[in-house]
Amino acid sequence: MKQFSQILLFLTISTVFTACRQQSIYTINNWDIRIDSQEGRIDLSNAELGDVFSNVNLFSGRNGNKCLKNWSVEKKDTILRVTTKDPVTVWLIKFSKNGVDFSTTEGNTFIRGTAFAPERRIPARVAEQDNDIIYTQMGFVSATNIHNLFDMDSDIMIRFPESCSLKRNVGNNKLMNVTTPVVSGSEIELVPGYYDNVIGLSKYSAVSNNSYNNVTITPESVENISKDSSKLFIPHYIPISDRFRSAPTGWSSWYCYYMYPTEESLFAETKAIAQKLKPYGLKYIQLDAAYTRGAEANWLNWNKELYPSGGKAWFRYVRKNGLVPGLWMNVYGANYTKPSMADSYPDNFFLKENGKLIRACCSSDSTLKCLDYSNPAVFEKHLSPLMDTLINSWGLGYLKAGGGGKWMDKYEKNRKDAFNPDLKSRDVYRKVLSLLREKLGDDRYILGCSLHEIGVGFGYFDGSRSGLDDYANWYGENHASTGMQSFFNTIFTNAYLNGIVWLTDPDDVMVRDPLTMEEGKTIVSTLSLSGQAYIVSDYIAEFTAERKSKFINSEYDINWAKNYPDFVKPLQEEKLELYKRTLPAMPIRAMDLYPYQTEPKFFQLTKHFPKALDLKVNSASGAYDVVALYNWQDVDTIKAIDLYNDLGLEKDADYVAFDFWDSKLINVKNGKIEQFIPKHGTKALIIRQKQDHLFLMAVSRHLTSAYSIKKYNWNKTDKVMSGSSVVVPGDEYNLYAYIPERYGMKNLKVKGTADVEVKKTEPNLVVLTFTPEYDFIDWSIQVVD
């Protein structure tokens, strides 16, 4: 019994002792704080964000920068007072609703911990960090000049001091190692409502909807807004869904054929694209306008002159060729005399102005009239069965939903005469989008094309057009647009939306004549590194003399090809190669979360284009940067970039750069690159940290080098670099490896599951050229001393 009592006493004392060493837990404002005073560690979580900063240790220069342990902690109001014993220091940690501020009596102090940075809490730059370089990101990346994390799901920016270091944790990419000196002001600052109120998405509304303007969005107002259709919808930040990880890659008829894309042309282009570009990742074929032209045509019964076999026959042909058919549609309009789902529709299906039908926008066809979606019967009798037919019977997989913005203006102007005048334009508009999303589901893409206001389509659109029309001409001579200047303007000014709220569409991409090869490289390099929608609108198929003559001489009012008849020809092989080496669009998000030198509105023109675009990559192919260095001038010139100050690369490391388009290494001197660049041209540079062994530099298949590489490894013991690649059967595949000069060809043993040729083209560059028979290869290079 005495022995049992002693054991019980021992357990009791041990329990009390253990309890004394248990972590202390506090809740102050929105913060939950867990402190292990013996180990000297703090874990911070937030009511809105969850885990924010963990394993936070305090350091003082007085003890050789060792972690301070064995604290005593006192709480008073919103402040925790921490006292350490060896050395004796006093720290005050103040918790406000949106910040944590560390202060101390000591000099030369800092804190260190790990910040939570999973896939949807991303590294970010803000407007005051603009250095004329646009950053994008793919994978779990970091840089020396990144001091912020943006939480996509809550619209909260987490800001650390500019003097901090924020680097990916090697063992766990979803964490970032943070070291920051103790500075005046908060070491952690939360900026809630970043997109809504700092960027100001909620403040830019439709021209005719001024009653909605200048609204400050709060979590409470967003919660009250709703899915409840009886409440006014205020445009606000809604994060991108996980339906599509990458922007679409496809082909559009518009800038090739405008209003004369005949059945013959569509079948020819579909076949050619399936043969030439589908193996490289092109997925969608989208027909724009024209098919409903004429008094007898509608969304299902196409213009019989242009499509004698009907639309469904082309849909079947697209599917037969392994591609996905898409359509441009103004779902806010219908043929008044020949509607799609009945012999006629009641008059109350249509909007009226002064008693007259209103012509729907974005079509040269006067028979297309604005529908009145405040009438529930329009959904039930028209839109719902129409989408069921196109999706389930025809096989629609991609919808470019145009005309909605103009429809909102016309509806709001004439709302007093609508079927239900109590419903406002935005709310009716979003009801239409809700039905489209429901019908198309999660595996069919919806591209918005209203260009009306930022925010009204969030949550429903997978992507959206966000700028003016472009054209296959550098400056847009003899065209209503500014040519590819509009394309670049849209890419740069709206990059901050891409991968955050939707997948931005800068309009279609073209590289055909009169665009030069240098201009073509600039176009495809920019699009590829931006991660925005990659929709080609060049001629891919061969022309018969008869088909070309009919097209050029067609009498349709929109046909800019008449201005350039010599350029109506299939894309030359060297320009087709530009697409083959940059398709498909990759899962890239914005890192610069602000509109580039403009306000957050559509149609904004930037003052000038950036010096460079820097994609930061962390993938199976490694961690590195891919940089487009531009020459926007009308003369050849030399351009330079600083790897440390411009790109935020580590200053204590050396780097190697590879010119993707010229397939060669280029000189890096004192952390700087200088290159001669032809007018309107681009140097596409793959920049990797230099190693003392053989390492992968680039591959020929894709500019990012991340598309084809599925495995990559360096075995230090056996001195073997190995990997696996997805390739195109029959297409030459080059793998470029950096090799220290001390090794020659006799030191290399190469293996591969395809025929391979090996050559050393420069003292530090080995090229493996594969001619694959299948779509997957394994390869290895062993260095033998």
# chains A, B, ... in the order shown; residues from 1 in each chain; ligands from 1
call {"tool": "closest_atom_pairs", "arguments": {"of": "region 126-176 of chain A", "to": "region 585-601 of chain A", "cutoff": "9 Å", "atoms": "only C-alpha atoms", "output": "JSON lines"}}
result
{"residue": "A:Val126", "atom": "CA", "partner": "A:Leu593", "partner_atom": "CA", "distance": 5.8}
{"residue": "A:Ala127", "atom": "CA", "partner": "A:Tyr594", "partner_atom": "CA", "distance": 5.7}
{"residue": "A:Gln129", "atom": "CA", "partner": "A:Asp592", "partner_atom": "CA", "distance": 8.7}
{"residue": "A:Asp130", "atom": "CA", "partner": "A:Asp592", "partner_atom": "CA", "distance": 8.1}
{"residue": "A:Asp132", "atom": "CA", "partner": "A:Tyr596", "partner_atom": "CA", "distance": 8.8}
{"residue": "A:Ile134", "atom": "CA", "partner": "A:Asp592", "partner_atom": "CA", "distance": 6.6}
{"residue": "A:Tyr135", "atom": "CA", "partner": "A:Met591", "partner_atom": "CA", "distance": 5.4}
{"residue": "A:Thr136", "atom": "CA", "partner": "A:Ala590", "partner_atom": "CA", "distance": 4.7}
{"residue": "A:Gln137", "atom": "CA", "partner": "A:Arg589", "partner_atom": "CA", "distance": 5.4}
{"residue": "A:Met138", "atom": "CA", "partner": "A:Ile588", "partner_atom": "CA", "distance": 4.8}
{"residue": "A:Gly139", "atom": "CA", "partner": "A:Ile588", "partner_atom": "CA", "distance": 8.0}
{"residue": "A:Phe150", "atom": "CA", "partner": "A:Leu593", "partner_atom": "CA", "distance": 8.7}
call {"tool": "write_last_selection", "arguments": {"atoms": "N, CA and C atoms", "output": "PDB file, in the first residue's frame"}}
result
ATOM      1  N   VAL A 126       2.923  43.896 -54.306  1.00  0.00           N
ATOM      2  CA  VAL A 126       1.910  44.948 -54.323  1.00  0.00           C
ATOM      3  C   VAL A 126       2.442  46.131 -55.125  1.00  0.00           C
ATOM      4  N   ALA A 127       1.564  47.117 -55.379  1.00  0.00           N
ATOM      5  CA  ALA A 127       1.853  48.166 -56.359  1.00  0.00           C
ATOM      6  C   ALA A 127       3.139  48.927 -56.075  1.00  0.00           C
ATOM      7  N   GLN A 129       5.808  47.897 -55.095  1.00  0.00           N
ATOM      8  CA  GLN A 129       6.987  47.108 -55.459  1.00  0.00           C
ATOM      9  C   GLN A 129       7.212  47.042 -56.968  1.00  0.00           C
ATOM     10  N   ASP A 130       6.373  47.690 -57.749  1.00  0.00           N
ATOM     11  CA  ASP A 130       6.501  47.660 -59.207  1.00  0.00           C
ATOM     12  C   ASP A 130       7.888  48.143 -59.625  1.00  0.00           C
ATOM     13  N   ASP A 132       8.915  47.590 -63.006  1.00  0.00           N
ATOM     14  CA  ASP A 132       8.845  47.497 -64.465  1.00  0.00           C
ATOM     15  C   ASP A 132       9.131  46.081 -64.970  1.00  0.00           C
ATOM     16  N   ILE A 134       7.131  42.346 -64.762  1.00  0.00           N
ATOM     17  CA  ILE A 134       5.915  41.670 -64.306  1.00  0.00           C
ATOM     18  C   ILE A 134       6.279  40.243 -63.904  1.00  0.00           C
ATOM     19  N   TYR A 135       5.873  39.854 -62.680  1.00  0.00           N
ATOM     20  CA  TYR A 135       6.140  38.511 -62.162  1.00  0.00           C
ATOM     21  C   TYR A 135       4.892  37.638 -62.300  1.00  0.00           C
ATOM     22  N   THR A 136       5.117  36.393 -62.707  1.00  0.00           N
ATOM     23  CA  THR A 136       4.089  35.354 -62.635  1.00  0.00           C
ATOM     24  C   THR A 136       4.700  34.147 -61.931  1.00  0.00           C
ATOM     25  N   GLN A 137       3.863  33.156 -61.594  1.00  0.00           N
ATOM     26  CA  GLN A 137       4.373  32.025 -60.812  1.00  0.00           C
ATOM     27  C   GLN A 137       3.696  30.721 -61.206  1.00  0.00           C
ATOM     28  N   MET A 138       4.473  29.653 -61.113  1.00  0.00           N
ATOM     29  CA  MET A 138       3.959  28.294 -61.331  1.00  0.00           C
ATOM     30  C   MET A 138       4.614  27.375 -60.304  1.00  0.00           C
ATOM     31  N   GLY A 139       3.805  26.840 -59.412  1.00  0.00           N
ATOM     32  CA  GLY A 139       4.330  25.992 -58.358  1.00  0.00           C
ATOM     33  C   GLY A 139       4.661  26.784 -57.110  1.00  0.00           C
ATOM     34  N   PHE A 150      -0.681  36.200 -50.267  1.00  0.00           N
ATOM     35  CA  PHE A 150      -2.092  36.518 -50.490  1.00  0.00           C
ATOM     36  C   PHE A 150      -2.918  35.256 -50.306  1.00  0.00           C
TER      37      PHE A 150
END
call {"tool": "residues_around", "arguments": {"residues": "Gln572 (chain A)", "least_positions_apart": "6", "cutoff": "12 Å", "atoms": "only C-alpha atoms", "output": "NGL selection string"}}
result
:A and (511-513 or 515-517 or 520 or 538-542 or 578-579)
call {"tool": "write_last_selection", "arguments": {"atoms": "N, CA and C atoms", "output": "CSV table (one decimal), in the first residue's frame"}}
result
chain,number,residue,atom,x,y,z
A,511,VAL,N,0.4,35.0,-85.4
A,511,VAL,CA,1.8,35.3,-85.7
A,511,VAL,C,2.0,35.3,-87.2
A,512,ARG,N,0.9,35.2,-88.0
A,512,ARG,CA,1.0,35.2,-89.4
A,512,ARG,C,1.5,36.5,-90.0
A,513,ASP,N,2.0,36.5,-91.3
A,513,ASP,CA,2.4,37.7,-91.9
A,513,ASP,C,1.2,38.7,-91.9
A,515,LEU,N,3.2,40.0,-89.6
A,515,LEU,CA,4.1,40.0,-88.4
A,515,LEU,C,5.4,39.2,-88.7
A,516,THR,N,6.5,39.7,-88.2
A,516,THR,CA,7.8,39.1,-88.4
A,516,THR,C,8.0,38.0,-87.5
A,517,MET,N,9.1,37.2,-87.7
A,517,MET,CA,9.4,36.1,-86.8
A,517,MET,C,9.8,36.7,-85.4
A,520,GLY,N,6.7,37.5,-83.7
A,520,GLY,CA,6.0,36.3,-83.4
A,520,GLY,C,6.6,35.7,-82.1
A,538,ASP,N,-5.0,31.8,-86.5
A,538,ASP,CA,-4.2,31.8,-87.7
A,538,ASP,C,-4.8,30.7,-88.7
A,539,TYR,N,-4.5,30.9,-89.9
A,539,TYR,CA,-4.9,29.8,-90.9
A,539,TYR,C,-3.9,28.7,-90.8
A,540,ILE,N,-4.4,27.5,-90.5
A,540,ILE,CA,-3.6,26.3,-90.4
A,540,ILE,C,-3.8,25.4,-91.6
A,541,ALA,N,-5.0,25.4,-92.2
A,541,ALA,CA,-5.2,24.5,-93.3
A,541,ALA,C,-4.8,25.1,-94.6
A,542,GLU,N,-4.5,24.2,-95.6
A,542,GLU,CA,-4.2,24.6,-97.0
A,542,GLU,C,-5.4,25.2,-97.6
A,578,LEU,N,6.5,28.1,-83.7
A,578,LEU,CA,6.4,29.0,-82.5
A,578,LEU,C,5.3,28.5,-81.6
A,579,TYR,N,4.2,28.0,-82.2
A,579,TYR,CA,3.1,27.4,-81.4
A,579,TYR,C,3.5,26.1,-80.8
call {"tool": "residues_around", "arguments": {"residues": "Asp51 (chain A)", "least_positions_apart": "5", "cutoff": "9 Å", "atoms": "only C-alpha atoms", "output": "PDB file with N, CA and C atoms, in the first residue's frame"}}
result
ATOM      1  N   ASP A  43       3.073  29.846 -31.675  1.00  0.00           N
ATOM      2  CA  ASP A  43       2.305  29.494 -32.864  1.00  0.00           C
ATOM      3  C   ASP A  43       1.121  30.452 -32.958  1.00  0.00           C
ATOM      4  N   LEU A  44       0.923  31.045 -34.130  1.00  0.00           N
ATOM      5  CA  LEU A  44      -0.141  32.028 -34.325  1.00  0.00           C
ATOM      6  C   LEU A  44      -1.129  31.546 -35.384  1.00  0.00           C
ATOM      7  N   SER A  45      -2.396  31.603 -35.029  1.00  0.00           N
ATOM      8  CA  SER A  45      -3.448  31.344 -36.018  1.00  0.00           C
ATOM      9  C   SER A  45      -4.466  32.468 -35.920  1.00  0.00           C
ATOM     10  N   ASN A  46      -5.250  32.610 -37.000  1.00  0.00           N
ATOM     11  CA  ASN A  46      -6.171  33.736 -37.108  1.00  0.00           C
ATOM     12  C   ASN A  46      -7.567  33.221 -37.430  1.00  0.00           C
ATOM     13  N   ALA A 115       5.892  30.336 -42.095  1.00  0.00           N
ATOM     14  CA  ALA A 115       4.578  30.827 -42.511  1.00  0.00           C
ATOM     15  C   ALA A 115       3.885  29.763 -43.353  1.00  0.00           C
ATOM     16  N   PHE A 116       2.590  29.637 -43.181  1.00  0.00           N
ATOM     17  CA  PHE A 116       1.823  28.667 -43.955  1.00  0.00           C
ATOM     18  C   PHE A 116       1.534  29.258 -45.331  1.00  0.00           C
TER      19      PHE A 116
END
call {"tool": "residues_around", "arguments": {"residues": "region 384-394 of chain A", "least_positions_apart": "6", "cutoff": "9 Å", "atoms": "only C-alpha atoms", "output": "number ranges by chain"}}
result
A: 299-300, 311-313, 315-316, 340-341, 378, 435-436, 439-440
call {"tool": "write_last_selection", "arguments": {"atoms": "C-alpha atoms", "output": "short mmCIF file (atom, residue, chain, number, x, y, z; two decimals), in the first residue's frame"}}
result
data_model
loop_
_atom_site.label_atom_id
_atom_site.label_comp_id
_atom_site.auth_asym_id
_atom_site.auth_seq_id
_atom_site.Cartn_x
_atom_site.Cartn_y
_atom_site.Cartn_z
CA TRP A 299 -28.67 29.04 -82.55
CA LEU A 300 -29.60 25.52 -83.73
CA GLY A 311 -24.06 22.79 -87.16
CA LYS A 312 -24.40 19.40 -85.53
CA ALA A 313 -22.47 17.76 -88.38
CA PHE A 315 -19.71 19.28 -83.94
CA ARG A 316 -19.54 15.57 -84.71
CA SER A 340 -34.59 28.15 -81.59
CA MET A 341 -37.03 26.28 -79.34
CA VAL A 378 -37.58 32.65 -70.97
CA LEU A 435 -28.18 28.51 -65.32
CA LEU A 436 -25.33 28.31 -67.83
CA LYS A 439 -26.04 23.18 -67.43
CA LEU A 440 -22.39 23.17 -68.48
#
call {"tool": "closest_residue", "arguments": {"among": "A:Trp779, A:Pro772, A:Leu68, A:Ala290", "to": "Ser724 (chain A)", "atoms": "only C-alpha atoms"}}
result
A:Trp779
call {"tool": "closest_residue", "arguments": {"among": "A:Pro192, A:Pro514, A:Gly200, A:Pro376", "to": "Asp566 (chain A)", "atoms": "only C-alpha atoms"}}
result
A:Pro514
call {"tool": "closest_residue", "arguments": {"among": "A:Tyr255, A:Ser96, A:Phe110, A:Val758", "to": "Cys67 (chain A)", "atoms": "only C-alpha atoms"}}
result
A:Phe110
call {"tool": "residues_around", "arguments": {"residues": "region 444-460 of chain A", "least_positions_apart": "3", "cutoff": "6 Å", "atoms": "only C-alpha atoms", "output": "compact mmCIF listing (two decimals) with N, CA, C and O atoms, in the first residue's frame"}}
result
# COMPACT_ATOMS: atom_id res chain seq x y z
N SER A 205 -18.02 49.88 -61.66
CA SER A 205 -19.26 49.23 -62.03
C SER A 205 -19.70 49.66 -63.41
O SER A 205 -19.12 50.54 -64.03
N ALA A 206 -20.79 49.07 -63.86
CA ALA A 206 -21.31 49.36 -65.19
C ALA A 206 -21.67 50.83 -65.32
O ALA A 206 -22.12 51.46 -64.39
N PRO A 235 -20.92 43.64 -57.16
CA PRO A 235 -19.69 42.96 -57.59
C PRO A 235 -18.64 42.98 -56.50
O PRO A 235 -18.36 44.03 -55.92
N HIS A 236 -18.10 41.83 -56.21
CA HIS A 236 -17.09 41.73 -55.18
C HIS A 236 -16.17 40.56 -55.50
O HIS A 236 -16.48 39.74 -56.37
N ILE A 238 -14.53 37.20 -55.71
CA ILE A 238 -14.87 35.78 -55.53
C ILE A 238 -13.68 35.00 -56.09
O ILE A 238 -13.32 35.19 -57.26
N GLY A 397 -18.64 21.84 -75.63
CA GLY A 397 -17.72 21.73 -74.49
C GLY A 397 -17.07 23.04 -74.10
O GLY A 397 -16.28 23.08 -73.15
N TYR A 398 -17.40 24.11 -74.83
CA TYR A 398 -16.75 25.41 -74.59
C TYR A 398 -17.72 26.48 -75.06
O TYR A 398 -18.18 26.47 -76.21
N LEU A 399 -18.07 27.39 -74.18
CA LEU A 399 -19.01 28.46 -74.51
C LEU A 399 -18.35 29.81 -74.32
O LEU A 399 -17.87 30.14 -73.23
N LYS A 400 -18.32 30.60 -75.39
CA LYS A 400 -17.90 31.99 -75.30
C LYS A 400 -19.16 32.83 -75.22
O LYS A 400 -19.86 33.03 -76.22
N ALA A 401 -19.48 33.27 -74.00
CA ALA A 401 -20.77 33.91 -73.74
C ALA A 401 -20.62 35.42 -73.89
O ALA A 401 -20.13 36.10 -73.00
N GLY A 402 -21.04 35.94 -75.04
CA GLY A 402 -20.87 37.35 -75.34
C GLY A 402 -22.15 38.15 -75.19
O GLY A 402 -23.24 37.60 -75.02
N GLY A 403 -22.00 39.46 -75.26
CA GLY A 403 -23.15 40.34 -75.34
C GLY A 403 -23.81 40.72 -74.03
O GLY A 403 -24.74 41.54 -74.02
N GLY A 404 -23.39 40.17 -72.93
CA GLY A 404 -24.08 40.40 -71.67
C GLY A 404 -23.99 41.82 -71.15
O GLY A 404 -24.93 42.34 -70.56
N GLY A 405 -22.85 42.46 -71.35
CA GLY A 405 -22.68 43.82 -70.84
C GLY A 405 -23.60 44.81 -71.52
O GLY A 405 -24.28 45.61 -70.87
N LEU A 440 -23.69 23.55 -67.95
CA LEU A 440 -22.39 23.17 -68.48
C LEU A 440 -21.56 22.36 -67.48
O LEU A 440 -20.62 21.66 -67.88
N GLY A 463 -13.19 32.02 -67.29
CA GLY A 463 -12.27 33.04 -67.77
C GLY A 463 -13.06 34.15 -68.41
O GLY A 463 -14.29 34.06 -68.55
N SER A 464 -12.37 35.21 -68.81
CA SER A 464 -13.08 36.31 -69.46
C SER A 464 -12.16 37.10 -70.37
O SER A 464 -10.99 37.30 -70.05
N ARG A 465 -12.70 37.50 -71.52
CA ARG A 465 -12.06 38.55 -72.30
C ARG A 465 -11.95 39.77 -71.41
O ARG A 465 -12.83 40.07 -70.63
N SER A 466 -10.87 40.50 -71.56
CA SER A 466 -10.66 41.64 -70.67
C SER A 466 -10.01 42.81 -71.38
O SER A 466 -9.36 43.64 -70.75
call {"tool": "select_by_dssp", "arguments": {"residues": "region 336-524 of chain A", "states": "strand (DSSP E)", "output": "JSON, numbers by chain"}}
result
{"A": [352, 353, 356, 357, 368, 369, 370, 398, 399, 400, 401, 402, 445, 446, 447, 448, 449, 463, 464, 465, 503, 504, 505]}
call {"tool": "write_last_selection", "arguments": {"atoms": "N, CA, C and O atoms", "output": "PDB file, in the first residue's frame"}}
result
ATOM      1  N   LYS A 352     -38.222  45.669 -74.835  1.00  0.00           N
ATOM      2  CA  LYS A 352     -38.687  46.680 -75.784  1.00  0.00           C
ATOM      3  C   LYS A 352     -38.267  48.059 -75.306  1.00  0.00           C
ATOM      4  O   LYS A 352     -38.143  48.322 -74.112  1.00  0.00           O
ATOM      5  N   GLU A 353     -38.037  48.920 -76.270  1.00  0.00           N
ATOM      6  CA  GLU A 353     -37.760  50.330 -76.013  1.00  0.00           C
ATOM      7  C   GLU A 353     -38.756  51.162 -76.809  1.00  0.00           C
ATOM      8  O   GLU A 353     -38.794  51.077 -78.041  1.00  0.00           O
ATOM      9  N   LYS A 356     -40.746  49.084 -79.161  1.00  0.00           N
ATOM     10  CA  LYS A 356     -40.088  48.392 -80.266  1.00  0.00           C
ATOM     11  C   LYS A 356     -39.038  47.409 -79.734  1.00  0.00           C
ATOM     12  O   LYS A 356     -38.395  47.648 -78.716  1.00  0.00           O
ATOM     13  N   LEU A 357     -38.864  46.303 -80.465  1.00  0.00           N
ATOM     14  CA  LEU A 357     -37.843  45.325 -80.111  1.00  0.00           C
ATOM     15  C   LEU A 357     -36.462  45.967 -80.157  1.00  0.00           C
ATOM     16  O   LEU A 357     -36.208  46.881 -80.952  1.00  0.00           O
ATOM     17  N   LEU A 368     -31.543  39.299 -84.523  1.00  0.00           N
ATOM     18  CA  LEU A 368     -31.248  38.917 -83.145  1.00  0.00           C
ATOM     19  C   LEU A 368     -31.729  40.020 -82.201  1.00  0.00           C
ATOM     20  O   LEU A 368     -31.221  41.148 -82.234  1.00  0.00           O
ATOM     21  N   LYS A 369     -32.705  39.704 -81.359  1.00  0.00           N
ATOM     22  CA  LYS A 369     -33.324  40.691 -80.476  1.00  0.00           C
ATOM     23  C   LYS A 369     -33.074  40.331 -79.014  1.00  0.00           C
ATOM     24  O   LYS A 369     -32.947  39.159 -78.653  1.00  0.00           O
ATOM     25  N   CYS A 370     -33.036  41.382 -78.183  1.00  0.00           N
ATOM     26  CA  CYS A 370     -32.755  41.194 -76.756  1.00  0.00           C
ATOM     27  C   CYS A 370     -33.895  40.470 -76.054  1.00  0.00           C
ATOM     28  O   CYS A 370     -35.071  40.861 -76.179  1.00  0.00           O
ATOM     29  N   TYR A 398     -17.396  24.114 -74.825  1.00  0.00           N
ATOM     30  CA  TYR A 398     -16.751  25.410 -74.594  1.00  0.00           C
ATOM     31  C   TYR A 398     -17.719  26.481 -75.060  1.00  0.00           C
ATOM     32  O   TYR A 398     -18.180  26.467 -76.209  1.00  0.00           O
ATOM     33  N   LEU A 399     -18.065  27.395 -74.178  1.00  0.00           N
ATOM     34  CA  LEU A 399     -19.006  28.460 -74.510  1.00  0.00           C
ATOM     35  C   LEU A 399     -18.346  29.813 -74.319  1.00  0.00           C
ATOM     36  O   LEU A 399     -17.871  30.138 -73.233  1.00  0.00           O
ATOM     37  N   LYS A 400     -18.322  30.601 -75.389  1.00  0.00           N
ATOM     38  CA  LYS A 400     -17.898  31.995 -75.299  1.00  0.00           C
ATOM     39  C   LYS A 400     -19.160  32.832 -75.218  1.00  0.00           C
ATOM     40  O   LYS A 400     -19.863  33.033 -76.219  1.00  0.00           O
ATOM     41  N   ALA A 401     -19.479  33.266 -74.001  1.00  0.00           N
ATOM     42  CA  ALA A 401     -20.767  33.915 -73.737  1.00  0.00           C
ATOM     43  C   ALA A 401     -20.617  35.420 -73.892  1.00  0.00           C
ATOM     44  O   ALA A 401     -20.126  36.099 -72.997  1.00  0.00           O
ATOM     45  N   GLY A 402     -21.042  35.940 -75.040  1.00  0.00           N
ATOM     46  CA  GLY A 402     -20.866  37.354 -75.337  1.00  0.00           C
ATOM     47  C   GLY A 402     -22.151  38.147 -75.186  1.00  0.00           C
ATOM     48  O   GLY A 402     -23.243  37.603 -75.022  1.00  0.00           O
ATOM     49  N   TYR A 445     -16.067  24.583 -70.311  1.00  0.00           N
ATOM     50  CA  TYR A 445     -15.488  25.901 -70.044  1.00  0.00           C
ATOM     51  C   TYR A 445     -16.446  27.012 -70.458  1.00  0.00           C
ATOM     52  O   TYR A 445     -17.047  26.971 -71.538  1.00  0.00           O
ATOM     53  N   ILE A 446     -16.576  28.039 -69.595  1.00  0.00           N
ATOM     54  CA  ILE A 446     -17.353  29.227 -69.924  1.00  0.00           C
ATOM     55  C   ILE A 446     -16.413  30.431 -69.955  1.00  0.00           C
ATOM     56  O   ILE A 446     -15.795  30.782 -68.947  1.00  0.00           O
ATOM     57  N   LEU A 447     -16.327  31.060 -71.120  1.00  0.00           N
ATOM     58  CA  LEU A 447     -15.553  32.282 -71.291  1.00  0.00           C
ATOM     59  C   LEU A 447     -16.499  33.470 -71.341  1.00  0.00           C
ATOM     60  O   LEU A 447     -17.386  33.526 -72.194  1.00  0.00           O
ATOM     61  N   GLY A 448     -16.329  34.399 -70.433  1.00  0.00           N
ATOM     62  CA  GLY A 448     -17.115  35.624 -70.464  1.00  0.00           C
ATOM     63  C   GLY A 448     -16.589  36.568 -71.532  1.00  0.00           C
ATOM     64  O   GLY A 448     -15.393  36.591 -71.823  1.00  0.00           O
ATOM     65  N   CYS A 449     -17.474  37.358 -72.082  1.00  0.00           N
ATOM     66  CA  CYS A 449     -17.065  38.273 -73.140  1.00  0.00           C
ATOM     67  C   CYS A 449     -17.834  39.584 -73.052  1.00  0.00           C
ATOM     68  O   CYS A 449     -18.043  40.257 -74.043  1.00  0.00           O
ATOM     69  N   GLY A 463     -13.194  32.019 -67.288  1.00  0.00           N
ATOM     70  CA  GLY A 463     -12.274  33.036 -67.771  1.00  0.00           C
ATOM     71  C   GLY A 463     -13.064  34.148 -68.408  1.00  0.00           C
ATOM     72  O   GLY A 463     -14.290  34.063 -68.547  1.00  0.00           O
ATOM     73  N   SER A 464     -12.367  35.213 -68.811  1.00  0.00           N
ATOM     74  CA  SER A 464     -13.079  36.311 -69.460  1.00  0.00           C
ATOM     75  C   SER A 464     -12.156  37.097 -70.367  1.00  0.00           C
ATOM     76  O   SER A 464     -10.986  37.302 -70.047  1.00  0.00           O
ATOM     77  N   ARG A 465     -12.696  37.496 -71.517  1.00  0.00           N
ATOM     78  CA  ARG A 465     -12.064  38.546 -72.300  1.00  0.00           C
ATOM     79  C   ARG A 465     -11.950  39.768 -71.412  1.00  0.00           C
ATOM     80  O   ARG A 465     -12.831  40.068 -70.631  1.00  0.00           O
ATOM     81  N   LEU A 503      -9.429  32.952 -65.358  1.00  0.00           N
ATOM     82  CA  LEU A 503      -8.307  32.783 -66.271  1.00  0.00           C
ATOM     83  C   LEU A 503      -8.476  33.823 -67.373  1.00  0.00           C
ATOM     84  O   LEU A 503      -9.390  33.749 -68.186  1.00  0.00           O
ATOM     85  N   THR A 504      -7.604  34.806 -67.367  1.00  0.00           N
ATOM     86  CA  THR A 504      -7.760  35.963 -68.238  1.00  0.00           C
ATOM     87  C   THR A 504      -7.569  35.593 -69.706  1.00  0.00           C
ATOM     88  O   THR A 504      -6.687  34.806 -70.048  1.00  0.00           O
ATOM     89  N   ASP A 505      -8.396  36.185 -70.571  1.00  0.00           N
ATOM     90  CA  ASP A 505      -8.306  35.984 -72.020  1.00  0.00           C
ATOM     91  C   ASP A 505      -7.911  37.316 -72.658  1.00  0.00           C
ATOM     92  O   ASP A 505      -8.696  38.263 -72.659  1.00  0.00           O
TER      93      ASP A 505
END
call {"tool": "residues_around", "arguments": {"residues": "Trp254 (chain A)", "least_positions_apart": "3", "cutoff": "10 Å", "atoms": "only C-alpha atoms", "output": "PyMOL selection string"}}
result
chain A and resi 251+257-261+286-290+328+508+536-538+559
call {"tool": "write_last_selection", "arguments": {"atoms": "C-alpha atoms", "output": "tab-separated table (two decimals), in the first residue's frame"}}
result
chain	number	residue	atom	x	y	z
A	251	TRP	CA	-8.37	27.86	-82.08
A	257	TYR	CA	-12.65	34.14	-91.34
A	258	TYR	CA	-14.69	36.80	-89.55
A	259	MET	CA	-18.26	36.55	-90.89
A	260	TYR	CA	-17.44	33.98	-93.59
A	261	PRO	CA	-16.31	30.78	-91.85
A	286	GLN	CA	-14.36	27.60	-81.32
A	287	LEU	CA	-16.64	29.03	-84.01
A	288	ASP	CA	-17.29	32.73	-83.64
A	289	ALA	CA	-20.40	34.61	-84.91
A	290	ALA	CA	-21.77	34.31	-88.50
A	328	TRP	CA	-19.59	32.07	-79.43
A	508	ASP	CA	-6.78	35.63	-79.85
A	536	VAL	CA	-4.90	30.76	-81.87
A	537	SER	CA	-6.56	32.52	-84.82
A	538	ASP	CA	-4.24	31.80	-87.74
A	559	ASN	CA	-13.77	40.69	-93.62
